[in-house]
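Visitor: My questions all concern the structure below.
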Amino acid sequence: MSSNRIMTVSRAISEAIAQEMRADPTVFIMGEDIGTYGGIFGATTGLLAEFGKERVRDTPISETGFIGAGVGAAMAGMRPIVELMFVDFFGVCMDAIYNLAAKNIYFSGGNYKVPMVIMTATGGGYSDAGQHSQTLHATFAHLPGLKVVAPSNAYDAKGLMISAIRDDSPVMFMFHKGLQGLAWMASPEGAASELPEEAYAIPFGEAKVVRPGKDVTIVSLSMMVHRSLDAAEELATQGIEAEVIDLRTIVPLDRKKVIESVRKTGRLVVVDEDYKSFGLTGEIIATVAEEDPTLLKAAPQRLAVPDVPIPYSRPMEQYVLPSADKIVAAVLTTMKKGA
Amino acid sequence: MADITIAPDLWDANINPEGIIANWFYADGSTVAAGATIAELMVEKTTFDIAAPSAGILHIAVPKDGAVKPGTVIGTIDAA
């Protein structure tokens with residue numbers, strides 16, 4: 001059934017969870033303030049009223065305990081969704097995530113599956129300082145055994161959440177706070193999108209060309225897709241046609257689509273809200289270089305947080321975050337070089 | 001034509017004089033079903049869903065981020 005509803009990302013996520021909970025009694029959710037409050041970023045609104053306390057479980061502030069409980073529940077045959085309120089809080093539960101959830105499928109020779117979703121809020125831009133503003137995409141993508149998802153809009157959020165719940169491996173579902181469509185935090189035009197009523201799954205590992213172009217490839221994900229689209233709009237007024245790719249999932253990574261695009265454009269700019277060094281931006285550039293370094297007509301450019309904790313001060317925070325203006329400047333730099 | 005009215009007792013206006021339209025879930029001029037969730041209000045940190053009072057074409061009177069009070073007519077629905 002199609003729909004003309006324009007729903008927010010937060011509602012898309014809660015709708016996806018509700019539909020999977022109706023279809024599969026082993027799906028349940030737990031986390032801090034996910035029940036009565038509905039999740040501080042609105043991702044679980046309405047679930048407690050429909051499914052009750054057994055399946056929608058408010059937890060104490062003890063990630064070490066309840067993320068570990070999620071791993072155990074998953075190995076015992078349930079399909080838990082566990083919310084880590086801010087990704088920044090992973091420190092106290094990382095053993096459960098990377099030594100248990102990520103590895104137990106391997107350690108058991110495939111005899112145990114860990115069908116668990118760790119749903120977590122990412123991103124800055126609203127002066128919440130260095131322990132509440134990180135994205136940490138690469139921190140999780142770096143560790144074998146975890147799938148990593150970071151949608152940019154409501155349609156993708158619903159389809160990717162449904163795939164995450166149905167997946168037999170642990171999935172980090174990383175949603176950006178600034179895309180949720182919350183009344184107290186502005187979200188970009190395009191984050192809310194038309195949302196089909198029925199349940200649908202978007203396969204992992206399929207990036208999406210969200211704006212076609214022939215002159216330069218801009219690769220991004222999550223919030224940075226919107227910054228990249230704004231930049232592409234500005235570049236179009238200068239006669240430059242940028243192709244914008246939304247990766248949608250980092251693990252698995254759709255390297256093929258990136259290479260295909262760069263083969264066409266010959267120029268590459270990668271934009272990520274994570275830290276710059278040892279991260280996604282370098283991985284994308286390496287992907288192209290390993291395929292064929294002669295695909296590039298000019299040195300690739302990358303935009304990311306310049307290896308400092310995210311500042312609280314608004315001017316300082318805005319200075320370190322990638323923006324449409326910075327993307328435009330990076331594209332212009334790469335356009336000047338080469339043929 | 002049906003008015004989309006915020007219920008006069010939805011919240012205590014003596015405590016919070018006004019809220020805002022947090023989101024419209026349909027574009028102006030869209031066809032909506034009776035009972036569909038068409039908008040979301042925010043009052044302090046609480047949100048309220050607003051349902052379509054009847055089926056028809058939605059006309060938005062108060063835009064996203066616009067201020068509202070209990071009793072405000074935020075739009076109308078014309079029978080299709």
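In the structure tokens, chains take letters A, B, ... by order of appearance, with residues numbered from 1 within each chain and ligands from 1 in the order shown.
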Can you check which parts of chain B lie within 12 Å of chain A? Per residue, the shortest pair of atoms and distance in Å to one decimal, counting only C-alpha atoms, sorted by chain and number, as a tab-separated table.
Guide:
```
residue	atom	partner	partner_atom	distance
B:Gly19	CA	A:Ala183	CA	10.4
B:Ile20	CA	A:Ala183	CA	8.2
B:Ile21	CA	A:Ala183	CA	8.0
B:Ala22	CA	A:Ala183	CA	4.7
B:Asn23	CA	A:Ala183	CA	7.4
B:Trp24	CA	A:Ile6	CA	7.8
B:Phe25	CA	A:Ile6	CA	4.8
B:Tyr26	CA	A:Arg5	CA	5.3
B:Ala27	CA	A:Ile6	CA	7.5
B:Asp28	CA	A:Ile6	CA	11.2
B:Gly29	CA	A:Asn4	CA	10.9
B:Ser30	CA	A:Asn4	CA	7.4
B:Thr31	CA	A:Asn4	CA	8.0
B:Val32	CA	A:Asn4	CA	8.4
B:Ala33	CA	A:Arg5	CA	10.7
B:Ala36	CA	A:Arg5	CA	9.4
B:Thr37	CA	A:Arg5	CA	9.1
B:Ile38	CA	A:Arg5	CA	8.2
B:Ala39	CA	A:Met7	CA	9.9
B:Glu40	CA	A:Ala183	CA	8.8
B:Leu41	CA	A:Ala183	CA	8.1
B:Met42	CA	A:Ala183	CA	6.5
B:Val43	CA	A:Ala183	CA	9.5
B:Glu44	CA	A:Trp184	CA	9.4
B:Lys45	CA	A:Trp184	CA	8.3
B:Thr46	CA	A:Tyr37	CA	9.3
B:Thr47	CA	A:Ala183	CA	8.5
B:Phe48	CA	A:Thr45	CA	11.2
B:Asp49	CA	A:Gly46	CA	10.9
B:Leu58	CA	A:Asn4	CA	11.9
B:Lys64	CA	A:Ala183	CA	9.4
B:Asp65	CA	A:Ala183	CA	8.0
B:Gly66	CA	A:Ala183	CA	11.3
```
Visitor: Emit the selected residues as a compact mmCIF listing (two decimals), in the first residue's frame, including C-alpha atoms.
Guide:
```
# COMPACT_ATOMS: atom_id res chain seq x y z
CA GLY B 19 2.91 24.93 22.02
CA ILE B 20 4.14 24.60 18.45
CA ILE B 21 3.39 22.49 15.41
CA ALA B 22 6.33 20.09 15.46
CA ASN B 23 5.50 18.32 12.20
CA TRP B 24 2.85 18.07 9.55
CA PHE B 25 2.77 14.52 8.21
CA TYR B 26 1.01 15.46 4.98
CA ALA B 27 1.66 18.28 2.55
CA ASP B 28 -0.90 21.04 2.12
CA GLY B 29 -3.50 19.83 -0.41
CA SER B 30 -2.96 16.14 0.32
CA THR B 31 -5.79 13.64 0.56
CA VAL B 32 -6.06 12.24 4.07
CA ALA B 33 -8.14 9.48 5.64
CA ALA B 36 -4.98 9.48 10.15
CA THR B 37 -2.25 11.07 12.24
CA ILE B 38 -1.73 14.30 10.37
CA ALA B 39 0.31 16.46 12.73
CA GLU B 40 2.35 16.46 15.89
CA LEU B 41 2.38 19.23 18.49
CA MET B 42 5.04 19.91 21.04
CA VAL B 43 4.24 21.52 24.39
CA GLU B 44 7.27 21.84 26.64
CA LYS B 45 8.81 18.37 26.23
CA THR B 46 5.54 16.57 25.55
CA THR B 47 4.24 15.75 22.09
CA PHE B 48 0.65 15.18 21.02
CA ASP B 49 -0.57 13.53 17.82
CA LEU B 58 -6.00 18.89 3.95
CA LYS B 64 5.36 23.81 10.97
CA ASP B 65 6.93 25.64 13.95
CA GLY B 66 3.87 27.90 14.24
```
Visitor: Considering only C-alpha atoms, return as a list of chain:residue names whatever protein or nucleic-acid residues lie within 10 Å of Leu303 (chain A), sequence-local ones (same chain, fewer than 6 positions apart) excluded.
Guide: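 Surrounding residues, per the criterion: A:Ser220, A:Met224, A:Val269, A:Val270, A:Val271, A:Asp272, A:Glu273, A:Asp274, A:Tyr275, A:Lys276, A:Thr281, A:Val320, A:Leu321, A:Pro322, A:Ser323, A:Lys326, A:Ile327, A:Ala330.
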Visitor: Find the residues near region 1-12 of chain B: any atom within 9 Å, counting only C-alpha atoms, skip ones fewer than 2 places away on the same chain, and give them as a list in words.
Guide: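 Within the cut-off, the hits are Asn14, Ile15, Asn16, Pro17, Val43, Phe48, Ile50, Ala51, Ala52, Pro53, Ser54, Gly56, Val68, Lys69, Pro70, Gly71, Thr72, Val73, Ile74, Gly75, Thr76, Ile77, Asp78 and Ala79 of chain B.
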Visitor: Check chain B with DSSP on the backbone and list each residue it calls strand (DSSP E or B), as a CSV table (one decimal) with C-alpha atoms, in the first residue's frame.
Guide:
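Heads up, here's the output in selection_27.csv:
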```csv
chain,number,residue,atom,x,y,z
B,2,ALA,CA,-14.2,20.2,9.0
B,3,ASP,CA,-11.9,22.3,11.2
B,4,ILE,CA,-8.9,20.7,12.7
B,5,THR,CA,-9.1,22.1,16.2
B,19,GLY,CA,2.9,24.9,22.0
B,20,ILE,CA,4.1,24.6,18.5
B,21,ILE,CA,3.4,22.5,15.4
B,22,ALA,CA,6.3,20.1,15.5
B,23,ASN,CA,5.5,18.3,12.2
B,24,TRP,CA,2.9,18.1,9.6
B,31,THR,CA,-5.8,13.6,0.6
B,32,VAL,CA,-6.1,12.2,4.1
B,37,THR,CA,-2.3,11.1,12.2
B,38,ILE,CA,-1.7,14.3,10.4
B,39,ALA,CA,0.3,16.5,12.7
B,40,GLU,CA,2.4,16.5,15.9
B,41,LEU,CA,2.4,19.2,18.5
B,42,MET,CA,5.0,19.9,21.0
B,43,VAL,CA,4.2,21.5,24.4
B,46,THR,CA,5.5,16.6,25.6
B,47,THR,CA,4.2,15.7,22.1
B,48,PHE,CA,0.6,15.2,21.0
B,49,ASP,CA,-0.6,13.5,17.8
B,50,ILE,CA,-3.4,15.2,16.0
B,51,ALA,CA,-5.8,13.0,14.0
B,56,GLY,CA,-10.7,14.8,2.5
B,57,ILE,CA,-8.3,17.4,1.3
B,58,LEU,CA,-6.0,18.9,3.9
B,59,HIS,CA,-5.5,22.7,4.1
B,60,ILE,CA,-2.9,23.8,6.5
B,67,ALA,CA,2.6,28.6,17.8
B,68,VAL,CA,-0.7,27.1,18.9
B,73,VAL,CA,-7.8,25.8,14.4
B,74,ILE,CA,-4.7,24.5,12.8
B,75,GLY,CA,-6.2,23.7,9.4
B,76,THR,CA,-9.3,22.4,7.7
B,77,ILE,CA,-10.3,19.3,5.7
B,78,ASP,CA,-12.6,19.7,2.7
```
Visitor: Which is closer to Ser108 (chain A) than all the others in A:Met75, A:Leu84, A:Ala154, A:Met223, using only C-alpha atoms?
Guide: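 Of A:Met75, A:Leu84, A:Ala154, A:Met223, the one nearest Ser108 (chain A) is A:Met75, counting only C-alpha atoms.
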Visitor: Please identify all polymer residues within 6 Å of region 144-148 of chain A, counting only C-alpha atoms, omitting same-chain residues fewer than 5 positions from it, and present them as a list of chain:residue names.
Guide: A:Ala102, A:Pro170, A:Val171, A:Met172, A:Thr249, A:Ile250, A:Val251
Visitor: Could you dump the residues just selected with C-alpha atoms as an mmCIF file, in the first residue's frame?
Guide:
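Result written to selection06.cif:
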```cif
data_model
loop_
_atom_site.group_PDB
_atom_site.id
_atom_site.type_symbol
_atom_site.label_atom_id
_atom_site.label_comp_id
_atom_site.auth_asym_id
_atom_site.auth_seq_id
_atom_site.Cartn_x
_atom_site.Cartn_y
_atom_site.Cartn_z
ATOM 1 C CA ALA A 102 30.601 -9.598 17.218
ATOM 2 C CA PRO A 170 24.561 -8.096 15.312
ATOM 3 C CA VAL A 171 23.743 -4.803 13.610
ATOM 4 C CA MET A 172 24.700 -1.328 14.804
ATOM 5 C CA THR A 249 25.379 0.946 5.163
ATOM 6 C CA ILE A 250 29.090 0.986 6.019
ATOM 7 C CA VAL A 251 29.337 -2.742 6.739
#
```
Visitor: If we count only C-alpha atoms, what is near Thr59 (chain A) at a cut-off of 8 Å, once residues fewer than 6 positions away on the same chain are taken out, given as a list in words?
Guide: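 Residues near the query, excluding close chain neighbours: Met30, Gly31, Glu32, Asp33 and Phe66 of chain A.
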Visitor: Taking only region 65-256 of chain A into account, list the residues labelled alpha helix (DSSP H) by DSSP (computed from the backbone), as number ranges by chain.
Guide: A: 65-75, 94, 104-107, 137-141, 154-166, 223-237, 255-256
Visitor: I need the chosen residues saved as a compact mmCIF listing (two decimals), in the first residue's frame, with N, CA and C atoms.
Guide:
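What ended up in result.txt:
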```txt
# COMPACT_ATOMS: atom_id res chain seq x y z
N GLY A 65 25.30 -4.00 31.83
CA GLY A 65 24.37 -5.07 32.12
C GLY A 65 23.41 -5.35 30.98
N PHE A 66 22.74 -4.31 30.48
CA PHE A 66 21.64 -4.63 29.55
C PHE A 66 22.10 -4.89 28.12
N ILE A 67 23.25 -4.37 27.71
CA ILE A 67 23.76 -4.75 26.39
C ILE A 67 24.23 -6.21 26.47
N GLY A 68 24.86 -6.56 27.57
CA GLY A 68 25.26 -7.95 27.76
C GLY A 68 24.05 -8.87 27.79
N ALA A 69 22.99 -8.44 28.45
CA ALA A 69 21.75 -9.23 28.49
C ALA A 69 21.19 -9.41 27.08
N GLY A 70 21.33 -8.39 26.27
CA GLY A 70 20.87 -8.48 24.87
C GLY A 70 21.62 -9.56 24.10
N VAL A 71 22.93 -9.64 24.31
CA VAL A 71 23.72 -10.67 23.62
C VAL A 71 23.23 -12.06 24.04
N GLY A 72 23.03 -12.21 25.35
CA GLY A 72 22.56 -13.51 25.84
C GLY A 72 21.19 -13.86 25.30
N ALA A 73 20.29 -12.89 25.29
CA ALA A 73 18.94 -13.13 24.77
C ALA A 73 18.99 -13.53 23.30
N ALA A 74 19.86 -12.86 22.54
CA ALA A 74 19.98 -13.16 21.11
C ALA A 74 20.49 -14.59 20.91
N MET A 75 21.48 -14.98 21.71
CA MET A 75 22.04 -16.33 21.56
C MET A 75 21.05 -17.40 22.02
N MET A 94 31.49 -2.05 25.73
CA MET A 94 32.16 -2.48 24.51
C MET A 94 32.55 -3.96 24.55
N ASN A 104 30.86 -14.15 18.78
CA ASN A 104 30.35 -15.45 19.20
C ASN A 104 29.86 -16.33 18.06
N ILE A 105 29.44 -15.70 16.96
CA ILE A 105 29.05 -16.52 15.80
C ILE A 105 30.28 -17.29 15.30
N TYR A 106 31.41 -16.59 15.24
CA TYR A 106 32.65 -17.22 14.77
C TYR A 106 33.15 -18.26 15.79
N PHE A 107 33.15 -17.86 17.06
CA PHE A 107 33.71 -18.73 18.09
C PHE A 107 32.92 -20.04 18.23
N HIS A 137 31.29 6.16 13.45
CA HIS A 137 30.98 5.16 12.42
C HIS A 137 32.12 4.14 12.28
N ALA A 138 33.34 4.66 12.16
CA ALA A 138 34.46 3.79 11.83
C ALA A 138 34.87 2.92 13.01
N THR A 139 34.63 3.41 14.23
CA THR A 139 34.99 2.62 15.41
C THR A 139 34.33 1.24 15.35
N PHE A 140 33.07 1.23 14.95
CA PHE A 140 32.33 -0.03 14.88
C PHE A 140 32.57 -0.76 13.55
N ALA A 141 32.69 0.01 12.47
CA ALA A 141 32.91 -0.62 11.16
C ALA A 141 34.25 -1.34 11.12
N ALA A 154 13.83 8.95 6.23
CA ALA A 154 12.83 8.09 6.86
C ALA A 154 12.60 6.79 6.08
N TYR A 155 12.54 6.90 4.76
CA TYR A 155 12.29 5.70 3.95
C TYR A 155 13.38 4.65 4.18
N ASP A 156 14.63 5.10 4.12
CA ASP A 156 15.75 4.17 4.32
C ASP A 156 15.77 3.66 5.76
N ALA A 157 15.46 4.55 6.71
CA ALA A 157 15.51 4.15 8.12
C ALA A 157 14.55 2.99 8.38
N LYS A 158 13.35 3.05 7.82
CA LYS A 158 12.38 1.97 8.06
C LYS A 158 12.85 0.67 7.42
N GLY A 159 13.25 0.74 6.16
CA GLY A 159 13.66 -0.48 5.46
C GLY A 159 14.93 -1.10 6.03
N LEU A 160 15.85 -0.25 6.47
CA LEU A 160 17.10 -0.76 7.04
C LEU A 160 16.88 -1.31 8.45
N MET A 161 15.96 -0.70 9.21
CA MET A 161 15.67 -1.24 10.54
C MET A 161 15.02 -2.62 10.41
N ILE A 162 14.13 -2.78 9.45
CA ILE A 162 13.49 -4.08 9.28
C ILE A 162 14.53 -5.14 8.88
N SER A 163 15.44 -4.76 7.99
CA SER A 163 16.52 -5.70 7.64
C SER A 163 17.40 -6.00 8.85
N ALA A 164 17.65 -4.99 9.66
CA ALA A 164 18.51 -5.17 10.84
C ALA A 164 17.88 -6.18 11.81
N ILE A 165 16.57 -6.05 12.03
CA ILE A 165 15.90 -6.95 12.97
C ILE A 165 15.90 -8.38 12.43
N ARG A 166 15.74 -8.53 11.12
CA ARG A 166 15.66 -9.86 10.52
C ARG A 166 17.04 -10.50 10.34
N MET A 223 23.74 12.34 8.15
CA MET A 223 23.53 13.78 8.02
C MET A 223 24.30 14.39 6.85
N MET A 224 25.49 13.87 6.59
CA MET A 224 26.34 14.50 5.58
C MET A 224 25.79 14.36 4.17
N VAL A 225 24.84 13.45 3.97
CA VAL A 225 24.16 13.36 2.67
C VAL A 225 23.43 14.68 2.40
N HIS A 226 22.81 15.23 3.43
CA HIS A 226 22.05 16.47 3.24
C HIS A 226 22.99 17.65 3.00
N ARG A 227 24.11 17.68 3.70
CA ARG A 227 25.11 18.73 3.45
C ARG A 227 25.66 18.60 2.03
N SER A 228 25.86 17.36 1.60
CA SER A 228 26.40 17.12 0.25
C SER A 228 25.39 17.53 -0.82
N LEU A 229 24.12 17.26 -0.57
CA LEU A 229 23.09 17.66 -1.54
C LEU A 229 22.98 19.19 -1.62
N ASP A 230 23.10 19.85 -0.48
CA ASP A 230 23.11 21.33 -0.49
C ASP A 230 24.30 21.84 -1.30
N ALA A 231 25.44 21.21 -1.09
CA ALA A 231 26.64 21.60 -1.84
C ALA A 231 26.44 21.37 -3.34
N ALA A 232 25.85 20.23 -3.69
CA ALA A 232 25.63 19.91 -5.10
C ALA A 232 24.71 20.93 -5.75
N GLU A 233 23.73 21.40 -4.99
CA GLU A 233 22.81 22.42 -5.49
C GLU A 233 23.57 23.71 -5.81
N GLU A 234 24.45 24.09 -4.91
CA GLU A 234 25.26 25.30 -5.11
C GLU A 234 26.22 25.11 -6.29
N LEU A 235 26.84 23.93 -6.36
CA LEU A 235 27.78 23.65 -7.45
C LEU A 235 27.09 23.70 -8.81
N ALA A 236 25.83 23.27 -8.83
CA ALA A 236 25.08 23.27 -10.09
C ALA A 236 24.94 24.69 -10.64
N THR A 237 24.85 25.67 -9.74
CA THR A 237 24.73 27.06 -10.20
C THR A 237 26.05 27.54 -10.81
N ARG A 255 31.29 -0.93 -2.30
CA ARG A 255 32.48 -0.35 -2.96
C ARG A 255 32.26 -0.22 -4.46
N LYS A 256 31.49 -1.17 -5.01
CA LYS A 256 31.28 -1.21 -6.45
C LYS A 256 30.64 0.08 -6.96
```
Visitor: Considering only C-alpha atoms, state which residue in the set A:Asp167, A:Asp292, A:Ser62, A:Ser261 is at the smallest distance from Ala201 (chain A).
Guide: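 Of all the options, A:Asp167 lies closest to Ala201 (chain A).
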Visitor: By how many Å are CA of Ser133 (chain A) and CA of Leu221 (chain A) apart?
Guide: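 Atom-to-atom, CA of Ser133 (chain A) to CA of Leu221 (chain A), that is 16.1 Å.
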Visitor: Quote the spacing between CA of Val219 (chain A) and CA of Val258 (chain A) in Å to one decimal place.
Guide: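 Spanning CA of Val219 (chain A) to CA of Val258 (chain A) is a straight-line distance of 7.5 Å.
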Visitor: May I ask for the distance between CA of Asp307 (chain A) and CA of Phe278 (chain A), given in Å to one decimal place?
Guide: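 Atom-to-atom, CA of Asp307 (chain A) to CA of Phe278 (chain A), that is 9.9 Å.
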